[in-house]
$ cat input_13.txt   # compact mmCIF, C-alpha atoms (C1' of nucleotides)
# COMPACT_ATOMS: atom_id res chain seq x y z
CA MET A 3 0.00 0.00 0.00
CA LYS A 4 2.81 2.40 0.76
CA GLU A 5 3.90 2.01 -2.83
CA LEU A 6 0.51 3.31 -3.93
CA LEU A 7 0.87 6.27 -1.63
CA LEU A 8 4.32 7.24 -2.91
CA LEU A 9 3.42 6.74 -6.55
CA GLY A 10 0.36 8.87 -5.94
CA LEU A 11 2.46 11.64 -4.45
CA LEU A 12 4.49 11.75 -7.66
CA LEU A 13 1.47 11.77 -9.99
CA ASP A 14 1.41 15.51 -10.50
CA GLY A 15 5.08 16.00 -11.21
CA LYS A 16 8.59 15.32 -9.97
CA LYS A 17 9.36 15.97 -6.33
CA HIS A 18 12.35 15.68 -4.02
CA GLY A 19 12.34 14.02 -0.64
CA TYR A 20 11.38 17.04 1.33
CA GLN A 21 8.47 17.96 -0.91
CA LEU A 22 7.25 14.38 -0.75
CA ASN A 23 7.34 14.49 3.00
CA GLU A 24 5.60 17.87 3.25
CA TYR A 25 2.87 16.79 0.92
CA TYR A 26 2.49 13.58 2.85
CA LYS A 27 2.26 15.37 6.17
CA HIS A 28 -0.35 17.84 5.02
CA THR A 29 -2.61 15.52 3.12
CA LEU A 30 -1.96 11.85 3.74
CA SER A 31 -0.70 11.48 7.28
CA PHE A 32 -4.27 10.63 8.24
CA CYS A 33 -4.28 7.64 5.97
CA ALA A 34 -1.00 5.95 6.65
CA ASP A 35 2.06 5.99 8.79
CA LEU A 36 5.06 6.63 6.57
CA LYS A 37 8.48 6.98 8.17
CA LYS A 38 11.17 8.89 6.35
CA SER A 39 13.50 5.91 6.15
CA THR A 40 10.66 3.73 4.95
CA ALA A 41 9.93 6.24 2.19
CA TYR A 42 13.52 6.04 0.98
CA TYR A 43 13.44 2.29 1.21
CA ILE A 44 10.36 2.10 -0.96
CA LEU A 45 11.58 4.70 -3.43
CA ASN A 46 14.77 2.67 -3.91
CA LYS A 47 12.74 -0.44 -4.51
CA LEU A 48 10.45 1.32 -6.97
CA GLU A 49 13.48 2.67 -8.78
CA LYS A 50 15.19 -0.73 -8.96
CA ASP A 51 12.04 -2.07 -10.65
CA GLY A 52 11.84 0.87 -13.04
CA TYR A 53 8.72 2.56 -11.70
CA VAL A 54 10.45 5.80 -10.78
CA VAL A 55 13.74 7.45 -11.74
CA HIS A 56 15.70 10.17 -10.03
CA GLU A 57 18.13 12.83 -11.05
CA THR A 58 20.40 14.66 -8.66
CA GLU A 59 20.12 18.39 -8.30
CA ARG A 60 21.76 20.99 -6.13
CA GLN A 61 20.18 24.25 -5.10
CA GLY A 62 22.52 26.94 -3.81
CA ASN A 63 24.85 25.61 -1.21
CA ARG A 64 22.47 22.94 0.02
CA PRO A 65 23.50 19.30 -0.01
CA GLU A 66 22.64 17.43 -3.17
CA ARG A 67 19.21 15.98 -3.38
CA ARG A 68 17.34 13.49 -5.50
CA VAL A 69 14.37 14.54 -7.54
CA TYR A 70 12.08 11.59 -8.14
CA GLU A 71 9.85 11.21 -11.15
CA LEU A 72 7.31 8.63 -12.27
CA THR A 73 8.06 6.55 -15.34
CA GLU A 74 5.38 5.33 -17.71
CA THR A 75 5.28 1.90 -16.12
CA GLY A 76 5.16 3.63 -12.76
CA ARG A 77 2.03 5.44 -13.82
CA VAL A 78 0.51 2.17 -15.00
CA LEU A 79 1.40 0.54 -11.69
CA PHE A 80 -0.27 3.37 -9.82
CA TYR A 81 -3.58 2.80 -11.58
CA GLU A 82 -3.28 -0.94 -11.10
CA LEU A 83 -2.68 -0.58 -7.37
CA LEU A 84 -5.42 2.01 -7.07
CA ARG A 85 -8.00 -0.25 -8.69
CA GLN A 86 -6.90 -3.11 -6.46
CA ASN A 87 -7.08 -0.94 -3.37
CA LEU A 88 -10.58 0.24 -4.20
CA ALA A 89 -11.94 -3.21 -5.03
CA ASP A 90 -10.28 -5.32 -2.34
CA TYR A 91 -11.13 -5.70 1.27
CA SER A 92 -8.93 -7.29 3.87
CA ARG A 93 -9.93 -7.35 7.46
CA THR A 94 -8.34 -5.22 10.10
CA TYR A 95 -6.99 -6.75 13.28
CA TYR A 96 -7.34 -4.71 16.45
CA ASP A 97 -4.59 -5.05 19.04
CA ASP A 98 -7.15 -4.15 21.68
CA ASP A 99 -8.74 -7.55 21.23
CA ILE A 100 -5.68 -9.41 22.47
CA GLY A 101 -5.89 -7.69 25.83
CA ILE A 102 -9.62 -8.32 26.06
CA ALA A 103 -9.10 -11.99 25.33
CA PHE A 104 -6.94 -12.23 28.46
CA ILE A 105 -8.81 -9.74 30.63
CA ASP A 106 -9.88 -12.46 33.07
CA GLN A 107 -6.27 -12.71 34.22
CA LEU A 108 -6.62 -9.43 36.12
CA PRO A 109 -8.97 -8.45 38.95
CA MET A 110 -11.97 -6.88 37.27
CA GLY A 111 -11.62 -3.65 39.21
CA GLU A 112 -8.10 -3.05 37.96
CA ALA A 113 -9.01 -4.05 34.43
CA LYS A 114 -11.78 -1.47 34.39
CA GLN A 115 -9.44 1.26 35.58
CA LEU A 116 -7.02 0.41 32.80
CA LEU A 117 -9.81 0.40 30.22
CA LYS A 118 -10.89 3.83 31.40
CA ALA A 119 -7.39 5.10 30.71
CA LYS A 120 -7.67 3.64 27.22
CA ARG A 121 -11.01 5.30 26.72
CA ASP A 122 -9.63 8.71 27.70
CA LYS A 123 -6.73 8.47 25.25
CA LEU A 124 -9.17 7.33 22.62
CA ILE A 125 -11.42 10.31 23.21
CA GLY A 126 -8.39 12.57 22.92
CA THR A 127 -7.65 11.17 19.47
CA LEU A 128 -11.28 11.50 18.50
CA ASN A 129 -11.34 15.16 19.46
CA GLN A 130 -8.26 15.84 17.37
CA PHE A 131 -10.04 14.42 14.37
CA LYS A 132 -13.14 16.44 15.04
CA GLU A 133 -11.08 19.62 15.01
CA VAL A 134 -9.64 18.93 11.57
CA PRO A 135 -11.01 21.69 9.32
CA ALA A 136 -13.44 20.52 6.69
CA HIS A 137 -11.69 19.46 3.52
CA GLU A 138 -12.68 19.47 -0.07
CA GLY A 139 -13.39 16.45 -2.22
CA SER A 140 -12.82 12.84 -1.35
CA TRP A 141 -10.84 14.01 1.63
CA ARG A 142 -13.96 14.51 3.63
CA PHE A 143 -14.71 10.81 3.40
CA VAL A 144 -11.36 9.91 4.87
CA ILE A 145 -11.96 12.08 7.92
CA GLU A 146 -15.50 10.81 8.35
CA HIS A 147 -14.27 7.27 7.99
CA ASN A 148 -11.82 7.64 10.85
CA ILE A 149 -14.26 9.49 13.05
CA SER A 150 -16.86 6.76 12.56
CA HIS A 151 -14.45 4.05 13.59
CA LEU A 152 -13.23 6.02 16.59
CA GLU A 153 -16.81 6.55 17.72
CA THR A 154 -17.51 2.86 17.27
CA GLU A 155 -14.50 2.14 19.44
CA VAL A 156 -15.69 4.49 22.19
CA SER A 157 -19.18 2.98 22.33
CA TRP A 158 -17.75 -0.50 22.42
CA LEU A 159 -15.46 0.41 25.30
CA GLU A 160 -18.26 2.05 27.24
CA ARG A 161 -20.57 -0.85 26.66
CA MET A 162 -17.89 -3.12 28.06
CA LEU A 163 -17.26 -0.93 31.07
CA GLU A 164 -20.95 -1.15 31.88
CA GLU A 165 -21.32 -4.85 31.37
CA LEU A 166 -18.19 -6.08 33.10
CA CYS A 167 -19.33 -6.85 36.61
CA ASP A 168 -17.15 -5.99 39.52
CA ASP A 169 -16.53 -9.17 41.42
CA MET B 9 1.63 -7.47 20.83
CA LYS B 10 2.29 -10.92 19.42
CA GLU B 11 4.56 -11.50 22.39
CA LEU B 12 1.57 -10.94 24.65
CA LEU B 13 -0.42 -13.42 22.66
CA LEU B 14 2.21 -16.15 22.81
CA LEU B 15 2.94 -15.62 26.49
CA GLY B 16 -0.79 -15.78 27.09
CA LEU B 17 -1.04 -19.09 25.26
CA LEU B 18 1.56 -20.55 27.62
CA LEU B 19 -0.07 -19.24 30.81
CA ASP B 20 -1.88 -22.44 31.64
CA GLY B 21 1.01 -24.82 31.14
CA LYS B 22 3.72 -25.96 28.74
CA LYS B 23 2.80 -26.52 25.14
CA HIS B 24 4.56 -27.58 21.96
CA GLY B 25 4.31 -25.82 18.63
CA TYR B 26 1.34 -27.72 17.37
CA GLN B 27 -0.70 -27.24 20.53
CA LEU B 28 0.12 -23.53 20.44
CA ASN B 29 -1.09 -23.32 16.92
CA GLU B 30 -4.28 -25.27 17.56
CA TYR B 31 -5.13 -23.17 20.57
CA TYR B 32 -4.41 -20.04 18.58
CA LYS B 33 -6.60 -21.14 15.69
CA HIS B 34 -9.57 -22.00 17.86
CA THR B 35 -9.53 -19.03 20.17
CA LEU B 36 -7.33 -16.16 19.06
CA SER B 37 -7.30 -16.18 15.28
CA PHE B 38 -9.97 -13.50 15.46
CA CYS B 39 -7.69 -11.16 17.33
CA ALA B 40 -4.43 -11.36 15.46
CA ASP B 41 -2.73 -12.77 12.44
CA LEU B 42 0.02 -15.10 13.60
CA LYS B 43 1.99 -17.04 11.03
CA LYS B 44 3.77 -20.21 12.02
CA SER B 45 7.20 -18.89 11.15
CA THR B 46 6.47 -15.69 13.03
CA ALA B 47 5.50 -17.72 16.07
CA TYR B 48 8.85 -19.53 16.01
CA TYR B 49 10.64 -16.24 15.48
CA ILE B 50 9.01 -14.71 18.53
CA LEU B 51 9.44 -17.81 20.67
CA ASN B 52 13.17 -17.77 19.89
CA LYS B 53 13.36 -14.12 20.83
CA LEU B 54 11.44 -14.69 24.07
CA GLU B 55 13.73 -17.59 24.89
CA LYS B 56 16.90 -15.60 24.20
CA ASP B 57 15.67 -13.00 26.70
CA GLY B 58 14.76 -15.63 29.28
CA TYR B 59 10.98 -15.34 29.19
CA VAL B 60 10.38 -18.89 28.04
CA VAL B 61 12.43 -22.08 28.01
CA HIS B 62 12.02 -25.24 25.99
CA GLU B 63 12.90 -28.87 26.39
CA THR B 64 12.97 -31.35 23.56
CA GLU B 65 10.69 -34.35 23.62
CA ARG B 66 9.91 -37.16 21.25
CA GLN B 67 6.66 -39.06 21.04
CA GLY B 68 6.69 -42.42 19.32
CA ASN B 69 8.38 -42.21 15.96
CA ARG B 70 7.50 -38.57 15.40
CA PRO B 71 10.21 -36.01 14.78
CA GLU B 72 11.51 -34.27 17.88
CA ARG B 73 9.61 -31.30 19.10
CA ARG B 74 10.11 -28.44 21.52
CA VAL B 75 7.89 -28.01 24.48
CA TYR B 76 7.83 -24.38 25.55
CA GLU B 77 7.23 -23.22 29.08
CA LEU B 78 6.90 -19.81 30.73
CA THR B 79 9.59 -18.74 33.20
CA GLU B 80 8.85 -16.56 36.20
CA THR B 81 10.05 -13.42 34.41
CA GLY B 82 7.96 -14.50 31.46
CA ARG B 83 4.90 -14.54 33.64
CA VAL B 84 5.78 -11.08 34.94
CA LEU B 85 6.25 -9.82 31.41
CA PHE B 86 2.86 -11.18 30.45
CA TYR B 87 1.12 -9.14 33.13
CA GLU B 88 3.12 -6.06 32.25
CA LEU B 89 2.21 -6.32 28.57
CA LEU B 90 -1.40 -7.08 29.43
CA ARG B 91 -1.73 -3.96 31.59
CA GLN B 92 -0.10 -1.90 28.87
CA ASN B 93 -2.37 -3.34 26.22
CA LEU B 94 -5.49 -2.60 28.26
CA ALA B 95 -4.47 0.96 29.14
CA ASP B 96 -2.95 2.15 25.87
CA TYR B 97 -4.60 3.26 22.72
CA SER B 98 -2.88 3.69 19.41
CA ARG B 99 -4.81 4.62 16.35
CA THR B 100 -5.53 2.23 13.55
CA TYR B 101 -4.72 3.16 9.98
CA TYR B 102 -7.07 1.90 7.31
CA ASP B 103 -5.59 1.00 3.94
CA ASP B 104 -8.93 1.82 2.38
CA ASP B 105 -8.27 5.49 2.97
CA ILE B 106 -5.30 5.58 0.65
CA GLY B 107 -7.45 4.55 -2.29
CA ILE B 108 -10.14 7.05 -1.34
CA ALA B 109 -7.57 9.83 -1.18
CA PHE B 110 -6.78 9.20 -4.86
CA ILE B 111 -10.25 8.25 -6.05
CA ASP B 112 -10.48 11.33 -8.27
CA GLN B 113 -7.89 9.78 -10.54
CA LEU B 114 -10.49 7.36 -11.89
CA PRO B 115 -13.77 8.03 -13.71
CA MET B 116 -16.41 8.10 -10.99
CA GLY B 117 -18.45 5.35 -12.63
CA GLU B 118 -15.58 2.91 -12.53
CA ALA B 119 -14.63 3.89 -9.01
CA LYS B 120 -18.14 3.15 -7.83
CA GLN B 121 -18.10 -0.27 -9.44
CA LEU B 122 -14.84 -1.06 -7.69
CA LEU B 123 -16.19 0.13 -4.36
CA LYS B 124 -19.23 -2.08 -4.80
CA ALA B 125 -16.91 -5.05 -5.17
CA LYS B 126 -15.24 -4.00 -1.94
CA ARG B 127 -18.57 -3.72 -0.21
CA ASP B 128 -19.57 -7.22 -1.26
CA LYS B 129 -16.38 -8.76 0.08
CA LEU B 130 -16.83 -6.78 3.26
CA ILE B 131 -20.37 -8.07 3.70
CA GLY B 132 -19.03 -11.59 3.20
CA THR B 133 -16.61 -11.12 6.07
CA LEU B 134 -19.33 -9.60 8.21
CA ASN B 135 -21.59 -12.57 7.66
CA GLN B 136 -18.84 -14.95 8.69
CA PHE B 137 -18.52 -13.09 11.96
CA LYS B 138 -22.23 -13.15 12.53
CA GLU B 139 -22.24 -16.91 12.18
CA VAL B 140 -19.63 -17.40 14.86
CA PRO B 141 -21.41 -19.27 17.68
CA ALA B 142 -21.87 -17.28 20.88
CA HIS B 143 -18.89 -17.58 23.15
CA GLU B 144 -18.50 -17.42 26.87
CA GLY B 145 -16.76 -14.69 28.83
CA SER B 146 -14.73 -11.82 27.45
CA TRP B 147 -14.77 -13.56 24.15
CA ARG B 148 -18.14 -12.17 23.33
CA PHE B 149 -16.72 -8.67 23.44
CA VAL B 150 -14.09 -9.51 20.87
CA ILE B 151 -16.69 -10.74 18.43
CA GLU B 152 -18.98 -7.79 19.06
CA HIS B 153 -16.04 -5.45 18.64
CA ASN B 154 -15.22 -6.76 15.21
CA ILE B 155 -18.84 -6.87 14.10
CA SER B 156 -19.30 -3.23 15.15
CA HIS B 157 -16.33 -2.09 13.13
CA LEU B 158 -17.38 -4.12 10.12
CA GLU B 159 -20.84 -2.59 10.26
CA THR B 160 -19.33 0.87 10.56
CA GLU B 161 -17.29 0.11 7.48
CA VAL B 162 -20.33 -1.01 5.51
CA SER B 163 -22.34 2.10 6.37
CA TRP B 164 -19.44 4.33 5.48
CA LEU B 165 -19.05 2.64 2.12
CA GLU B 166 -22.73 2.87 1.36
CA ARG B 167 -22.86 6.51 2.38
CA MET B 168 -20.02 7.18 -0.04
CA LEU B 169 -21.64 5.25 -2.84
CA GLU B 170 -24.71 7.44 -2.44
CA GLU B 171 -22.89 10.73 -2.20
CA LEU B 172 -20.34 10.29 -4.96
CA CYS B 173 -22.00 11.88 -7.95
CA ASP B 174 -21.68 10.33 -11.35
CA ASP B 175 -20.14 12.91 -13.58
C1' DA C 21 30.26 36.39 16.19
C1' DA C 22 28.62 32.58 18.79
C1' DC C 23 24.77 29.81 20.00
C1' DT C 24 20.18 27.55 19.35
C1' DG C 25 16.75 25.31 17.16
C1' DA C 26 14.40 24.27 13.02
C1' DT C 27 15.15 22.75 8.21
C1' DT C 28 17.07 19.72 4.77
C1' DA C 29 19.03 15.17 2.96
C1' DG C 30 20.17 10.80 3.37
C1' DT C 31 22.58 6.30 5.29
C1' DC C 32 23.01 2.13 7.78
C1' DA C 33 22.93 -1.41 11.08
C1' DG C 34 19.74 -3.97 13.21
C1' DT C 35 14.94 -5.71 14.11
C1' DA C 36 10.58 -7.82 12.48
C1' DA C 37 8.11 -10.82 9.64
C1' DT C 38 7.11 -14.33 6.36
C1' DG C 39 6.86 -17.47 2.08
C1' DA C 40 8.79 -21.36 0.45
C1' DC C 41 10.92 -25.26 1.50
C1' DT C 42 12.36 -30.00 3.59
C1' DA C 43 11.21 -34.18 5.83
C1' DC C 44 8.91 -37.52 8.20
C1' DT C 45 4.23 -39.85 9.93
C1' DT C 46 -0.32 -41.29 10.09
C1' DT C 47 -4.85 -42.25 8.17
C1' DA C 48 -7.53 -43.88 4.85
C1' DA C 49 -9.02 -44.53 0.10
C1' DC C 50 -8.73 -47.38 -3.87
C1' DG D 5 0.34 -52.35 -1.00
C1' DT D 6 0.60 -47.99 -3.07
C1' DT D 7 -0.94 -43.48 -3.74
C1' DA D 8 -3.02 -39.50 -1.73
C1' DA D 9 -4.13 -36.13 1.68
C1' DA D 10 -3.64 -34.27 5.99
C1' DG D 11 -0.89 -33.85 10.09
C1' DT D 12 3.53 -32.57 12.36
C1' DA D 13 7.98 -29.89 13.14
C1' DG D 14 10.97 -26.67 12.03
C1' DT D 15 14.58 -23.89 8.99
C1' DC D 16 16.22 -20.32 6.07
C1' DA D 17 16.76 -16.81 2.59
C1' DT D 18 14.59 -12.81 1.63
C1' DT D 19 11.77 -8.93 2.21
C1' DA D 20 10.00 -5.07 5.02
C1' DC D 21 10.72 -1.61 8.13
C1' DT D 22 12.75 1.66 11.40
C1' DG D 23 15.61 4.20 15.03
C1' DA D 24 19.59 6.43 15.48
C1' DC D 25 22.95 8.66 13.33
C1' DT D 26 25.79 12.18 10.37
C1' DA D 27 26.15 16.54 8.27
C1' DA D 28 25.22 20.70 6.34
C1' DT D 29 22.32 25.26 6.01
C1' DC D 30 19.50 28.86 7.64
C1' DA D 31 16.79 32.16 10.74
C1' DG D 32 16.62 34.32 14.81
C1' DT D 33 18.67 35.85 19.30
C1' DT D 34 21.83 37.37 22.44

$ encode --input "input_13.txt" --output "structure tokens"
Amino acid sequence: MKELLLLGLLLDGKKHGYQLNEYYKHTLSFCADLKKSTAYYILNKLEKDGYVVHETERQGNRPERRVYELTETGRVLFYELLRQNLADYSRTYYDDDIGIAFIDQLPMGEAKQLLKAKRDKLIGTLNQFKEVPAHEGSWRFVIEHNISHLETEVSWLERMLEELCDD
Amino acid sequence: MKELLLLGLLLDGKKHGYQLNEYYKHTLSFCADLKKSTAYYILNKLEKDGYVVHETERQGNRPERRVYELTETGRVLFYELLRQNLADYSRTYYDDDIGIAFIDQLPMGEAKQLLKAKRDKLIGTLNQFKEVPAHEGSWRFVIEHNISHLETEVSWLERMLEELCDD
DNA sequence: AACTGATTAGTCAGTAATGACTACTTTAAC
DNA sequence: GTTAAAGTAGTCATTACTGACTAATCAGTT
């Protein structure tokens, strides 16, 4: 998937590392977690397979930098991956479930305290999302998507906190 | 997190690889994706750090096998990881969002067809979950958790399918 | 002019994860 | 009795990913 993201960032013209990262931060950091070193790793791989090329440029006295550009096959790959991404579904695993599966190993009172801490962090994240200014286009759906899932998570947690009996 | 899972599987006594895998399949395969080779990888790591030990046994004419057992520090680690897991929250990234972010790159008609394919697969997964027989204890919450998120995903998709205009 | 912190660019060693593979056993079908 | 399918146990080469690091420039401050 991260390939799709990087190819997509290069769709509208060549970019160097910093531009890629800025663009990612402002528009796509909601969708995926992309570390800088991972980005270079993937760009190298894409280049080895001929999907992108780079030339080296120097601006002023700055260190050299690589300007990446999509090749034709890179553009084809982008559309292929995009179609796949839109048509496929693969289930998400939630780490939270592992803890719940073993919750009986703790006294219920303590477990509930811990879950309340989780809930508070969760609500913090949710509020951050709610403060994101409205965006144009398909962007809106991404934000709504995440908010829906966060709200689902909160209700689930609160339902559990109610139903777990203190014993 | 997979450490927590494996330590948890060993809580109620020593087990060999096959028993671990069986137990995982029947009870925890809903919570996490654990490949066999990953399990061995993690067991080796846990053993190197002294959290589990193994002895080799042979039954009949079968090939040798390792029976893993929790050490005291392993048991302590389990409870530490469990408390962490219950109290922490870290956001989930959804691959679906990456495709949505670039959906404008396709004719809307095609995009909607692709999303309908996604929805159908999604509904398939949802139905599988709904057929899971009711379970005892905290288990129920895991199932409900996943069903809630799957339903959220379906509504989101259908809302999008309605709102995306054909142009 | 010396210091500080943010910006810019990239490398590299080490960790994490897994697909593909070997090899042997048991059950049971034909 | 031989072929097939499923069960059983584990290794290994390769891929995927990341934290920590170097190194330089630039803007602002003291």

$ residues_around --input "input_13.txt" --residues "Lys47 in chain A" --least-positions-apart "2" --cutoff "12 Å" --atoms "only C-alpha atoms (C1' of nucleotides)" --output "list of chain:residue names"
A:Lys4, A:Glu5, A:Leu8, A:Leu9, A:Thr40, A:Ala41, A:Tyr42, A:Tyr43, A:Ile44, A:Leu45, A:Glu49, A:Lys50, A:Asp51, A:Gly52, A:Tyr53, A:Val54, A:Val55, A:Gly76, D:DT19, D:DA20

$ interface_residues --input "input_13.txt" --of "chain D" --to "chain B" --cutoff "10 Å" --atoms "all atoms listed in the file" --output "NGL selection string"
:D and (11-15)

$ closest_atom_pairs --input "input_13.txt" --of "chain B" --to "chain A" --cutoff "8 Å" --atoms "only C-alpha atoms" --output "JSON lines"
{"residue": "B:Met9", "atom": "CA", "partner": "A:Asp97", "partner_atom": "CA", "distance": 6.9}
{"residue": "B:Leu12", "atom": "CA", "partner": "A:Ile100", "partner_atom": "CA", "distance": 7.7}
{"residue": "B:Leu13", "atom": "CA", "partner": "A:Ile100", "partner_atom": "CA", "distance": 6.6}
{"residue": "B:Gly16", "atom": "CA", "partner": "A:Phe104", "partner_atom": "CA", "distance": 7.2}
{"residue": "B:Leu36", "atom": "CA", "partner": "A:Ala103", "partner_atom": "CA", "distance": 7.7}
{"residue": "B:Phe38", "atom": "CA", "partner": "A:Tyr95", "partner_atom": "CA", "distance": 7.7}
{"residue": "B:Cys39", "atom": "CA", "partner": "A:Asp99", "partner_atom": "CA", "distance": 5.4}
{"residue": "B:Ala40", "atom": "CA", "partner": "A:Tyr95", "partner_atom": "CA", "distance": 5.7}
{"residue": "B:Asp41", "atom": "CA", "partner": "A:Tyr95", "partner_atom": "CA", "distance": 7.4}
{"residue": "B:Leu90", "atom": "CA", "partner": "A:Gly101", "partner_atom": "CA", "distance": 5.8}
{"residue": "B:Arg91", "atom": "CA", "partner": "A:Leu116", "partner_atom": "CA", "distance": 7.0}
{"residue": "B:Asn93", "atom": "CA", "partner": "A:Gly101", "partner_atom": "CA", "distance": 5.6}
{"residue": "B:Leu94", "atom": "CA", "partner": "A:Leu117", "partner_atom": "CA", "distance": 5.6}
{"residue": "B:Ala95", "atom": "CA", "partner": "A:Leu116", "partner_atom": "CA", "distance": 4.5}
{"residue": "B:Asp96", "atom": "CA", "partner": "A:Lys120", "partner_atom": "CA", "distance": 5.1}
{"residue": "B:Tyr97", "atom": "CA", "partner": "A:Lys120", "partner_atom": "CA", "distance": 5.5}
{"residue": "B:Ser98", "atom": "CA", "partner": "A:Leu124", "partner_atom": "CA", "distance": 7.9}
{"residue": "B:Arg99", "atom": "CA", "partner": "A:Thr127", "partner_atom": "CA", "distance": 7.8}
{"residue": "B:Thr100", "atom": "CA", "partner": "A:Tyr96", "partner_atom": "CA", "distance": 7.7}
{"residue": "B:Tyr101", "atom": "CA", "partner": "A:Ala34", "partner_atom": "CA", "distance": 5.7}
{"residue": "B:Tyr102", "atom": "CA", "partner": "A:Cys33", "partner_atom": "CA", "distance": 6.5}
{"residue": "B:Asp103", "atom": "CA", "partner": "A:Met3", "partner_atom": "CA", "distance": 6.9}
{"residue": "B:Asp104", "atom": "CA", "partner": "A:Asn87", "partner_atom": "CA", "distance": 6.6}
{"residue": "B:Asp105", "atom": "CA", "partner": "A:Cys33", "partner_atom": "CA", "distance": 5.4}
{"residue": "B:Ile106", "atom": "CA", "partner": "A:Cys33", "partner_atom": "CA", "distance": 5.8}
{"residue": "B:Gly107", "atom": "CA", "partner": "A:Asn87", "partner_atom": "CA", "distance": 5.6}
{"residue": "B:Ile108", "atom": "CA", "partner": "A:Ser140", "partner_atom": "CA", "distance": 6.4}
{"residue": "B:Ala109", "atom": "CA", "partner": "A:Trp141", "partner_atom": "CA", "distance": 6.0}
{"residue": "B:Phe110", "atom": "CA", "partner": "A:Gly10", "partner_atom": "CA", "distance": 7.2}
{"residue": "B:Ile111", "atom": "CA", "partner": "A:Ser140", "partner_atom": "CA", "distance": 7.1}
{"residue": "B:Asp112", "atom": "CA", "partner": "A:Ser140", "partner_atom": "CA", "distance": 7.5}
{"residue": "B:Ala119", "atom": "CA", "partner": "A:Leu88", "partner_atom": "CA", "distance": 7.3}
{"residue": "B:Leu122", "atom": "CA", "partner": "A:Ala89", "partner_atom": "CA", "distance": 4.5}
{"residue": "B:Leu123", "atom": "CA", "partner": "A:Ala89", "partner_atom": "CA", "distance": 5.4}
{"residue": "B:Lys124", "atom": "CA", "partner": "A:Ala89", "partner_atom": "CA", "distance": 7.4}
{"residue": "B:Ala125", "atom": "CA", "partner": "A:Ala89", "partner_atom": "CA", "distance": 5.3}
{"residue": "B:Lys126", "atom": "CA", "partner": "A:Ala89", "partner_atom": "CA", "distance": 4.6}
{"residue": "B:Arg127", "atom": "CA", "partner": "A:Tyr91", "partner_atom": "CA", "distance": 7.8}
{"residue": "B:Lys129", "atom": "CA", "partner": "A:Tyr91", "partner_atom": "CA", "distance": 6.2}
{"residue": "B:Leu130", "atom": "CA", "partner": "A:Tyr91", "partner_atom": "CA", "distance": 6.1}
{"residue": "B:Thr133", "atom": "CA", "partner": "A:Arg93", "partner_atom": "CA", "distance": 7.8}
{"residue": "B:Ser146", "atom": "CA", "partner": "A:Ala103", "partner_atom": "CA", "distance": 6.0}
{"residue": "B:Trp147", "atom": "CA", "partner": "A:Ala103", "partner_atom": "CA", "distance": 6.0}
{"residue": "B:Phe149", "atom": "CA", "partner": "A:Met162", "partner_atom": "CA", "distance": 7.3}
{"residue": "B:Val150", "atom": "CA", "partner": "A:Asp99", "partner_atom": "CA", "distance": 5.7}
{"residue": "B:His153", "atom": "CA", "partner": "A:Trp158", "partner_atom": "CA", "distance": 6.5}
{"residue": "B:Ser156", "atom": "CA", "partner": "A:Thr154", "partner_atom": "CA", "distance": 6.7}
{"residue": "B:His157", "atom": "CA", "partner": "A:His151", "partner_atom": "CA", "distance": 6.4}
{"residue": "B:Thr160", "atom": "CA", "partner": "A:His151", "partner_atom": "CA", "distance": 6.6}
{"residue": "B:Glu161", "atom": "CA", "partner": "A:His147", "partner_atom": "CA", "distance": 7.8}
{"residue": "B:Trp164", "atom": "CA", "partner": "A:His147", "partner_atom": "CA", "distance": 6.5}
{"residue": "B:Met168", "atom": "CA", "partner": "A:Phe143", "partner_atom": "CA", "distance": 7.3}

$ residues_around --input "input_13.txt" --residues "DC50 in chain C" --least-positions-apart "4" --cutoff "10 Å" --atoms "all atoms listed in the file" --output "PDB file with C-alpha atoms (C1' of nucleotides), in the coordinates of the input"
ATOM      1  C1'  DT D   6       0.600 -47.990  -3.070  1.00  0.00           C
ATOM      2  C1'  DT D   7      -0.940 -43.480  -3.740  1.00  0.00           C
ATOM      3  C1'  DA D   8      -3.020 -39.500  -1.730  1.00  0.00           C
TER       4       DA D   8
END

$ residues_near_point --input "input_13.txt" --point "(15.2, -28.2, 25.6)" --cutoff "9 Å" --atoms "only C-alpha atoms (C1' of nucleotides)" --output "VMD selection string"
chain B and resid 61 to 65 74 to 76

$ closest_residue --input "input_13.txt" --among "B:Leu42, B:Val140, B:Leu18, B:Ile155" --to "chain C" --atoms "only C-alpha atoms (C1' of nucleotides)"
B:Leu42

$ interface_residues --input "input_13.txt" --of "chain C" --to "chain B" --cutoff "7 Å" --atoms "only C-alpha atoms (C1' of nucleotides)" --output "list in words"
DA37, DT38, DC44 and DT45 of chain C

$ axis_aligned_box --input "input_13.txt" --around "range 35-42 of chain C" --padding-each-side "4 Å" --output "AutoDock Vina command-line options"
--center_x 10.9 --center_y -17.9 --center_z 7.3 --size_x 16.1 --size_y 32.3 --size_z 21.7

$ residues_around --input "input_13.txt" --residues "DT34 in chain D" --least-positions-apart "2" --cutoff "10 Å" --atoms "only C-alpha atoms (C1' of nucleotides)" --output "PyMOL selection string"
(chain C and resi 22-23) or (chain D and resi 32)

$ atom_distance --input "input_13.txt" --atom1 "CA of Asn135 in chain B" --atom2 "CA of Val156 in chain A"
23.2 Å

$ residues_near_point --input "input_13.txt" --point "(20.2, 22.6, 8.6)" --cutoff "10 Å" --atoms "only C-alpha atoms (C1' of nucleotides)" --output "ChimeraX atom specification"
/A:64-65 /C:25-29 /D:27-30

$ atom_distance --input "input_13.txt" --atom1 "C1' of DT26 in chain D" --atom2 "C1' of DT31 in chain C"
8.4 Å

$ atom_distance --input "input_13.txt" --atom1 "CA of Glu133 in chain A" --atom2 "CA of Leu22 in chain A"
24.7 Å
